[in-house]
$ cat final_14.pdb   # PDB, C-alpha atoms
ATOM      1  CA  MET A   1       0.000   0.000   0.000
ATOM      2  CA  PRO A   2       1.304   3.503  -0.783
ATOM      3  CA  ASP A   3       2.315   5.500   2.311
ATOM      4  CA  GLY A   4      -0.289   8.282   1.839
ATOM      5  CA  PRO A   5      -3.438   6.414   2.882
ATOM      6  CA  ARG A   6      -1.828   4.528   5.764
ATOM      7  CA  GLY A   7      -3.529   5.443   8.997
ATOM      8  CA  PHE A   8      -6.575   6.627   7.044
ATOM      9  CA  VAL A   9      -7.746   3.503   5.220
ATOM     10  CA  ARG A  10     -11.349   3.101   6.251
ATOM     11  CA  ASP A  11     -10.931  -0.274   7.893
ATOM     12  CA  ILE A  12      -9.663   1.808  10.809
ATOM     13  CA  ARG A  13     -13.280   2.783  11.435
ATOM     14  CA  LEU A  14     -14.321  -0.843  11.886
ATOM     15  CA  ARG A  15     -11.248  -1.673  13.986
ATOM     16  CA  TRP A  16     -11.928   1.351  16.184
ATOM     17  CA  ALA A  17     -15.598   0.447  16.635
ATOM     18  CA  CYS A  18     -14.701  -3.113  17.627
ATOM     19  CA  GLU A  19     -12.136  -1.776  20.110
ATOM     20  CA  GLU A  20     -14.649   0.643  21.633
ATOM     21  CA  ALA A  21     -17.305  -2.058  21.920
ATOM     22  CA  GLY A  22     -14.977  -4.824  23.068
ATOM     23  CA  LEU A  23     -16.002  -6.968  20.093
ATOM     24  CA  PRO A  24     -13.486  -9.584  18.916
ATOM     25  CA  TYR A  25     -12.283  -9.141  15.341
ATOM     26  CA  GLN A  26      -9.698 -10.319  12.870
ATOM     27  CA  VAL A  27      -8.182  -8.313  10.026
ATOM     28  CA  LYS A  28      -7.320  -9.941   6.711
ATOM     29  CA  SER A  29      -5.405  -8.310   3.880
ATOM     30  CA  THR A  30      -6.605  -7.865   0.344
ATOM     31  CA  PRO A  31      -4.356  -6.875  -2.587
ATOM     32  CA  PHE A  32      -4.121  -3.196  -3.451
ATOM     33  CA  LYS A  33      -3.702  -4.090  -7.132
ATOM     34  CA  ASP A  34      -5.107  -6.933  -9.215
ATOM     35  CA  ARG A  35      -8.200  -7.464  -7.099
ATOM     36  CA  SER A  36      -9.858 -10.809  -7.593
ATOM     37  CA  GLU A  37     -13.405 -11.674  -8.574
ATOM     38  CA  GLU A  38     -13.876 -12.825  -4.963
ATOM     39  CA  HIS A  39     -13.009  -9.297  -3.777
ATOM     40  CA  PHE A  40     -15.710  -7.816  -6.020
ATOM     41  CA  LYS A  41     -18.248 -10.300  -4.637
ATOM     42  CA  HIS A  42     -17.742  -8.695  -1.209
ATOM     43  CA  GLN A  43     -17.121  -5.108  -2.330
ATOM     44  CA  PRO A  44     -18.635  -4.288  -5.736
ATOM     45  CA  PHE A  45     -16.426  -1.210  -6.150
ATOM     46  CA  GLY A  46     -13.208  -3.116  -5.416
ATOM     47  CA  GLN A  47     -12.494  -1.055  -2.318
ATOM     48  CA  ALA A  48     -11.648  -1.868   1.280
ATOM     49  CA  PRO A  49     -12.946  -2.605   3.778
ATOM     50  CA  TRP A  50     -15.786  -4.985   3.975
ATOM     51  CA  LEU A  51     -17.022  -6.624   7.136
ATOM     52  CA  THR A  52     -17.782 -10.319   7.449
ATOM     53  CA  ASP A  53     -19.927 -11.365  10.404
ATOM     54  CA  SER A  54     -21.038 -15.001  10.301
ATOM     55  CA  ASP A  55     -22.944 -15.319   7.006
ATOM     56  CA  LEU A  56     -23.141 -11.549   6.449
ATOM     57  CA  SER A  57     -20.786  -9.645   4.197
ATOM     58  CA  ILE A  58     -21.232  -5.874   4.482
ATOM     59  CA  PHE A  59     -19.457  -3.325   2.290
ATOM     60  CA  GLU A  60     -19.051   0.412   2.933
ATOM     61  CA  SER A  61     -17.508   1.468   6.232
ATOM     62  CA  GLY A  62     -20.633   3.370   7.291
ATOM     63  CA  ALA A  63     -22.828   0.305   6.834
ATOM     64  CA  GLY A  64     -20.295  -1.781   8.762
ATOM     65  CA  LEU A  65     -20.258   0.770  11.568
ATOM     66  CA  LEU A  66     -24.026   0.781  11.853
ATOM     67  CA  HIS A  67     -24.023  -3.027  11.932
ATOM     68  CA  LEU A  68     -21.503  -2.982  14.779
ATOM     69  CA  ALA A  69     -23.478  -0.265  16.575
ATOM     70  CA  ARG A  70     -26.508  -2.562  16.572
ATOM     71  CA  LYS A  71     -24.374  -5.153  18.376
ATOM     72  CA  SER A  72     -23.175  -2.841  21.158
ATOM     73  CA  GLU A  73     -24.906  -0.188  23.202
ATOM     74  CA  LYS A  74     -21.461   1.368  23.722
ATOM     75  CA  LEU A  75     -21.714   2.557  20.116
ATOM     76  CA  MET A  76     -25.406   3.501  19.990
ATOM     77  CA  ARG A  77     -28.020   4.000  22.667
ATOM     78  CA  ARG A  78     -31.135   1.857  22.392
ATOM     79  CA  ASP A  79     -33.753   4.470  23.245
ATOM     80  CA  PRO A  80     -35.549   5.922  20.171
ATOM     81  CA  VAL A  81     -34.195   9.464  20.606
ATOM     82  CA  GLY A  82     -30.586   8.401  21.248
ATOM     83  CA  GLU A  83     -30.674   5.964  18.345
ATOM     84  CA  ALA A  84     -32.215   8.507  15.962
ATOM     85  CA  GLU A  85     -29.662  11.179  16.898
ATOM     86  CA  THR A  86     -26.824   8.702  16.420
ATOM     87  CA  LEU A  87     -28.127   7.561  13.043
ATOM     88  CA  GLN A  88     -28.619  11.089  11.727
ATOM     89  CA  TRP A  89     -25.144  12.274  12.765
ATOM     90  CA  THR A  90     -23.513   9.124  11.423
ATOM     91  CA  ILE A  91     -25.164   9.721   8.059
ATOM     92  CA  ALA A  92     -24.321  13.443   8.262
ATOM     93  CA  ALA A  93     -20.640  12.605   8.691
ATOM     94  CA  LEU A  94     -20.773  10.577   5.474
ATOM     95  CA  ASN A  95     -23.214  12.586   3.354
ATOM     96  CA  SER A  96     -22.875  16.179   4.526
ATOM     97  CA  VAL A  97     -19.198  16.357   5.463
ATOM     98  CA  GLU A  98     -17.161  13.547   3.885
ATOM     99  CA  MET A  99     -18.875  13.763   0.496
ATOM    100  CA  VAL A 100     -17.509  17.330   0.279
ATOM    101  CA  SER A 101     -14.210  16.962   2.156
ATOM    102  CA  VAL A 102     -12.839  14.039   0.138
ATOM    103  CA  PRO A 103     -13.233  15.583  -3.334
ATOM    104  CA  TRP A 104     -12.050  18.940  -1.950
ATOM    105  CA  TRP A 105      -8.963  17.222  -0.532
ATOM    106  CA  VAL A 106      -8.271  15.427  -3.846
ATOM    107  CA  LEU A 107      -8.416  18.727  -5.722
ATOM    108  CA  GLU A 108      -6.111  20.330  -3.146
ATOM    109  CA  VAL A 109      -3.439  17.622  -3.240
ATOM    110  CA  THR A 110      -3.487  17.417  -7.038
ATOM    111  CA  GLY A 111      -2.887  21.173  -7.246
ATOM    112  CA  ALA A 112      -6.129  22.211  -8.945
ATOM    113  CA  LYS A 113      -5.948  25.899  -9.795
ATOM    114  CA  ASP A 114      -9.549  26.586  -8.823
ATOM    115  CA  ASN A 115     -11.069  24.333  -6.208
ATOM    116  CA  GLY A 116     -14.755  25.037  -6.672
ATOM    117  CA  LEU A 117     -15.617  23.031  -3.551
ATOM    118  CA  THR A 118     -13.885  25.376  -1.100
ATOM    119  CA  GLY A 119     -16.956  27.466  -0.267
ATOM    120  CA  TRP A 120     -19.112  24.374   0.145
ATOM    121  CA  LEU A 121     -16.591  22.707   2.456
ATOM    122  CA  GLU A 122     -16.176  25.912   4.450
ATOM    123  CA  SER A 123     -19.938  26.074   4.989
ATOM    124  CA  ARG A 124     -20.110  22.439   6.120
ATOM    125  CA  LEU A 125     -17.196  22.811   8.532
ATOM    126  CA  ASP A 126     -18.599  26.066   9.912
ATOM    127  CA  ASN A 127     -21.907  24.323  10.602
ATOM    128  CA  VAL A 128     -20.145  21.482  12.428
ATOM    129  CA  GLU A 129     -18.191  24.080  14.418
ATOM    130  CA  ARG A 130     -21.439  25.763  15.516
ATOM    131  CA  VAL A 131     -22.815  22.434  16.721
ATOM    132  CA  LEU A 132     -19.628  21.557  18.590
ATOM    133  CA  MET A 133     -19.537  24.929  20.307
ATOM    134  CA  GLU A 134     -22.757  23.896  22.078
ATOM    135  CA  ARG A 135     -22.139  20.227  22.866
ATOM    136  CA  GLU A 136     -19.449  17.733  23.736
ATOM    137  CA  TRP A 137     -20.780  14.829  21.624
ATOM    138  CA  MET A 138     -22.495  14.649  18.231
ATOM    139  CA  ALA A 139     -25.440  12.621  19.535
ATOM    140  CA  ALA A 140     -27.154  11.086  22.528
ATOM    141  CA  GLY A 141     -25.171  13.043  25.149
ATOM    142  CA  ARG A 142     -22.222  10.638  25.041
ATOM    143  CA  PHE A 143     -19.702   8.946  22.752
ATOM    144  CA  THR A 144     -21.376   7.010  19.942
ATOM    145  CA  VAL A 145     -20.479   5.668  16.536
ATOM    146  CA  ALA A 146     -21.448   9.129  15.217
ATOM    147  CA  ASP A 147     -18.459  10.638  17.061
ATOM    148  CA  LEU A 148     -16.183   7.899  15.807
ATOM    149  CA  LEU A 149     -17.154   8.585  12.215
ATOM    150  CA  MET A 150     -17.292  12.384  12.423
ATOM    151  CA  ALA A 151     -13.880  12.559  14.098
ATOM    152  CA  ASP A 152     -12.419  10.196  11.500
ATOM    153  CA  VAL A 153     -13.766  12.363   8.670
ATOM    154  CA  LEU A 154     -12.488  15.568  10.309
ATOM    155  CA  ARG A 155      -9.043  14.303  11.376
ATOM    156  CA  VAL A 156      -7.547  14.571   7.868
ATOM    157  CA  GLU A 157      -4.688  17.065   8.205
ATOM    158  CA  LYS A 158      -5.681  19.332   5.301
ATOM    159  CA  VAL A 159      -9.278  19.451   6.513
ATOM    160  CA  ARG A 160      -8.165  20.221  10.083
ATOM    161  CA  ALA A 161      -5.906  23.005   8.848
ATOM    162  CA  PHE A 162      -8.638  24.594   6.713
ATOM    163  CA  GLY A 163      -9.831  27.557   8.758
ATOM    164  CA  ASP A 164      -9.855  28.349  12.455
ATOM    165  CA  ARG A 165     -12.390  26.112  14.189
ATOM    166  CA  PRO A 166     -11.303  25.672  17.810
ATOM    167  CA  ALA A 167     -14.335  23.649  18.945
ATOM    168  CA  THR A 168     -13.840  21.200  16.086
ATOM    169  CA  GLU A 169     -10.126  20.903  16.759
ATOM    170  CA  THR A 170     -10.729  20.270  20.457
ATOM    171  CA  TYR A 171     -13.339  17.663  19.537
ATOM    172  CA  VAL A 172     -11.131  15.804  17.050
ATOM    173  CA  THR A 173      -8.199  15.832  19.473
ATOM    174  CA  ARG A 174     -10.364  14.524  22.320
ATOM    175  CA  ILE A 175     -12.041  11.795  20.276
ATOM    176  CA  THR A 176      -8.807  10.564  18.678
ATOM    177  CA  ASP A 177      -7.127  10.558  22.097
ATOM    178  CA  ARG A 178      -9.368   7.665  23.112
ATOM    179  CA  PRO A 179      -7.416   4.443  23.812
ATOM    180  CA  ALA A 180      -9.546   2.513  21.295
ATOM    181  CA  PHE A 181      -8.590   4.891  18.463
ATOM    182  CA  LYS A 182      -4.921   4.836  19.414
ATOM    183  CA  LYS A 183      -4.910   1.030  19.383
ATOM    184  CA  ALA A 184      -6.816   0.805  16.082
ATOM    185  CA  HIS A 185      -4.459   3.323  14.468
ATOM    186  CA  ALA A 186      -1.309   1.635  15.778
ATOM    187  CA  ASP A 187      -2.602  -1.770  14.685
ATOM    188  CA  GLN A 188      -3.403  -0.504  11.186
ATOM    189  CA  MET A 189       0.057   1.023  10.830
ATOM    190  CA  ALA A 190       1.674  -2.180  12.097
ATOM    191  CA  HIS A 191      -0.434  -4.250   9.697
ATOM    192  CA  PHE A 192       0.883  -2.259   6.725
ATOM    193  CA  ALA A 193       4.459  -2.338   8.048
ATOM    194  CA  ASN A 194       4.286  -6.127   8.399
ATOM    195  CA  ALA A 195       2.959  -6.420   4.829
ATOM    196  CA  ASP A 196       5.980  -4.491   3.541
TER     197      ASP A 196
END

$ encode --input "final_14.pdb" --output "structure tokens"
Amino acid sequence: MPDGPRGFVRDIRLRWACEEAGLPYQVKSTPFKDRSEEHFKHQPFGQAPWLTDSDLSIFESGAGLLHLARKSEKLMRRDPVGEAETLQWTIAALNSVEMVSVPWWVLEVTGAKDNGLTGWLESRLDNVERVLMEREWMAAGRFTVADLLMADVLRVEKVRAFGDRPATETYVTRITDRPAFKKAHADQMAHFANAD
């Protein structure tokens, strides 16, 4: 695997969730190039990760996270309000923030002369900042899978450095200082180092 994505490959989200919830898990490698037909059976876009749980095979990190959240109340409260808040902020991290931040980041690192997504990203990040100025957690009054996902989306260095958003920075630092994240991150980095 190229060095750039290490530490940010989305299997870290599933590792982190399993660590937070105390769920046992095993990580298996898949080739970066020359992906097999078997790979596409699990992940129709040829990406990583996918989650296998007994007879289930779930692609997309967000879907895997929601599956894991259903298995552990540590990741999502079971009352209707707490669950609804967690679901909406988990989806918001994917659809309202990451769907803008990833293409913006790609344009930035490839040196695009005019990144037409800058204003859109700025608006999204400003809205998250306003929310985080008023609360400690994204949903349900405590850590949930929504925090895990939002912090993972926001922790990208270029996104963090884009503008002055102290509440967001404090939030990302606090969430990624959790022992479960540190272990998941260290394990992912070690996994890639061992593959080298």

$ resolve_selection --input "final_14.pdb" --expression "the PyMOL selection byres ((chain A and resi 71) around 12)" --output "number ranges by chain"
A: 17-18, 20-24, 53, 64-70, 72-78, 145

$ resolve_selection --input "final_14.pdb" --expression "the PyMOL selection byres ((chain A and resi 185) around 9)" --output "mmCIF file with C-alpha atoms, in the coordinates of the input"
data_model
loop_
_atom_site.group_PDB
_atom_site.id
_atom_site.type_symbol
_atom_site.label_atom_id
_atom_site.label_comp_id
_atom_site.auth_asym_id
_atom_site.auth_seq_id
_atom_site.Cartn_x
_atom_site.Cartn_y
_atom_site.Cartn_z
ATOM 1 C CA GLY A 7 -3.529 5.443 8.997
ATOM 2 C CA PHE A 8 -6.575 6.627 7.044
ATOM 3 C CA ILE A 12 -9.663 1.808 10.809
ATOM 4 C CA ARG A 15 -11.248 -1.673 13.986
ATOM 5 C CA TRP A 16 -11.928 1.351 16.184
ATOM 6 C CA ALA A 180 -9.546 2.513 21.295
ATOM 7 C CA PHE A 181 -8.590 4.891 18.463
ATOM 8 C CA LYS A 182 -4.921 4.836 19.414
ATOM 9 C CA LYS A 183 -4.910 1.030 19.383
ATOM 10 C CA ALA A 184 -6.816 0.805 16.082
ATOM 11 C CA ALA A 186 -1.309 1.635 15.778
ATOM 12 C CA ASP A 187 -2.602 -1.770 14.685
ATOM 13 C CA GLN A 188 -3.403 -0.504 11.186
ATOM 14 C CA MET A 189 0.057 1.023 10.830
ATOM 15 C CA ALA A 190 1.674 -2.180 12.097
#

$ residues_around --input "final_14.pdb" --residues "Asn115 of chain A" --least-positions-apart "5" --cutoff "10 Å" --atoms "only C-alpha atoms" --output "ChimeraX atom specification"
/A:103-108

$ closest_residue --input "final_14.pdb" --among "A:Val156, A:Ala151, A:Ala167, A:Leu117" --to "Glu136 of chain A" --atoms "all atoms listed in the file"
A:Ala167

$ atom_distance --input "final_14.pdb" --atom1 "atom CA of Met138 of chain A" --atom2 "atom CA of Glu85 of chain A"
8.1 Å
